[in-house]
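Peer 1: Got a structure for you, written out below as structure tokens; questions coming shortly.
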Amino acid sequence: MNANDNIIESLHARVSIRAFTDEPITAEEERTILEAACQAPTAGNQQLYTIIVVRGEDKRKALVESCDHQPFIARAPLVLVFCADVRR
Ligand SMILES: Cc1cc2nc3c(=O)[nH]c(=O)nc-3n(C[C@H](O)[C@H](O)[C@H](O)COP(=O)(O)O)c2cc1C
């Protein structure tokens, strides 16, 4: 099995998760996730986006409402907002 087989397998196995345990995300795991996100290809490699790590509970609750009232957002151990940012 080569690296591409693993990617195909991972794509078939993945699902959206909207329920979370109380286990926190470590700083190292957060960094790993953010670095992986930054590997995504972008047009002309311009990387015209900003990733915002939303930390405060009040901000997370505001997101619940501004994102079509989806309460699971406030229960996620790590909340990332991806913004198109053409000024970068
Ligand atoms: C652009 C985009 C926006 C999405 N927005 C939401 C969302 O607001 N809330 C949500 O619960 N899931 C959202 N999803 C997840 C989809 O509902 C989910 O991927 C789809 O139902 C298939 O389920 P799966 O991811 O488990 O295969 C979004 C997915 C995409 C690609």
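Labels used: A, B, ... for chains in the order of the structure tokens, numbers from 1 for residues in each chain, and numbers from 1 for ligands as shown.
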Using only C-alpha atoms and all ligand atoms, which residues have at least one atom no more than 10 Å from ligand 1? Output them as number ranges by chain.
Peer 2: A: 11-18, 64, 67-73
Peer 1: Output the selection as a short mmCIF file (atom, residue, chain, number, x, y, z; two decimals), in the first residue's frame - N, CA and C atoms for each residue.
Peer 2:
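Below is the file again.cif, written as the result:
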data_model
loop_
_atom_site.label_atom_id
_atom_site.label_comp_id
_atom_site.auth_asym_id
_atom_site.auth_seq_id
_atom_site.Cartn_x
_atom_site.Cartn_y
_atom_site.Cartn_z
N LEU A 11 -10.34 9.14 2.60
CA LEU A 11 -11.46 9.89 2.03
C LEU A 11 -12.75 9.08 2.12
N HIS A 12 -12.65 7.74 1.94
CA HIS A 12 -13.86 6.91 2.04
C HIS A 12 -14.30 6.73 3.49
N ALA A 13 -13.34 6.78 4.42
CA ALA A 13 -13.66 6.50 5.83
C ALA A 13 -14.16 7.74 6.57
N ARG A 14 -13.91 8.94 6.07
CA ARG A 14 -14.20 10.16 6.83
C ARG A 14 -15.71 10.44 6.90
N VAL A 15 -16.12 11.05 8.01
CA VAL A 15 -17.50 11.53 8.19
C VAL A 15 -17.46 12.83 8.98
N SER A 16 -18.54 13.60 8.90
CA SER A 16 -18.66 14.80 9.73
C SER A 16 -19.03 14.38 11.15
N ILE A 17 -18.39 14.99 12.14
CA ILE A 17 -18.65 14.71 13.55
C ILE A 17 -19.21 15.98 14.19
N ARG A 18 -20.34 15.85 14.89
CA ARG A 18 -20.96 17.03 15.54
C ARG A 18 -21.17 16.80 17.04
N VAL A 64 -22.59 30.33 17.03
CA VAL A 64 -23.74 29.42 16.97
C VAL A 64 -24.91 30.10 16.27
N CYS A 67 -24.16 31.28 12.51
CA CYS A 67 -24.04 30.12 11.60
C CYS A 67 -25.32 29.29 11.65
N ASP A 68 -26.47 29.93 11.46
CA ASP A 68 -27.76 29.22 11.34
C ASP A 68 -28.16 28.44 12.59
N HIS A 69 -27.81 28.96 13.78
CA HIS A 69 -28.16 28.31 15.06
C HIS A 69 -27.75 26.82 15.05
N GLN A 70 -26.46 26.59 15.12
CA GLN A 70 -25.93 25.21 15.16
C GLN A 70 -25.16 25.05 16.47
N PRO A 71 -25.87 24.58 17.55
CA PRO A 71 -25.30 24.56 18.90
C PRO A 71 -24.02 23.75 19.04
N PHE A 72 -23.80 22.74 18.18
CA PHE A 72 -22.60 21.92 18.33
C PHE A 72 -21.32 22.75 18.18
N ILE A 73 -21.43 23.89 17.50
CA ILE A 73 -20.24 24.73 17.31
C ILE A 73 -19.65 25.13 18.67
#
Peer 1: Taking the chain letters and numbering used in this document, name the residues of chain A that DSSP puts in strand (DSSP E), as number ranges by chain.
Peer 2: A: 49-54, 79-84
Peer 1: What gap, in Å, lies between atom CA of Val81 of chain A and atom CA of Gly44 of chain A?
Peer 2: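 Value for the atom CA of Val81 of chain A-atom CA of Gly44 of chain A distance: 22.2 Å.
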Peer 1: Find the distance between atom CA of Lys59 of chain A and atom CA of Glu30 of chain A and write it in Å to one decimal.
Peer 2: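 One can read the atom CA of Lys59 of chain A to atom CA of Glu30 of chain A distance as 18.5 Å.
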Peer 1: Any idea what's packed within 12 Å of Asp22 of chain A, counting only C-alpha atoms, ignoring anything in its chain fewer than 6 positions away? Could you give it as a list in words?
Peer 2: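 Result of the neighbour search: Arg75, Ala76, Pro77 and Leu78 of chain A.
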Peer 1: Write out as JSON, numbers by chain the set of residues from chain A that DSSP, computed on the backbone, places in alpha helix (DSSP H).
Peer 2: {"A": [3, 4, 5, 6, 7, 8, 9, 10, 11, 12, 13, 27, 28, 29, 30, 31, 32, 33, 34, 35, 36, 37, 57, 58, 59, 60, 61, 62, 63, 64, 65, 66, 72, 73, 74, 75]}
Peer 1: For atom CA of Ile25 of chain A and atom CA of Val53 of chain A, determine how far apart the two atoms are, in Å to one decimal place.
Peer 2: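 Calculated distance between atom CA of Ile25 of chain A and atom CA of Val53 of chain A is 12.4 Å.
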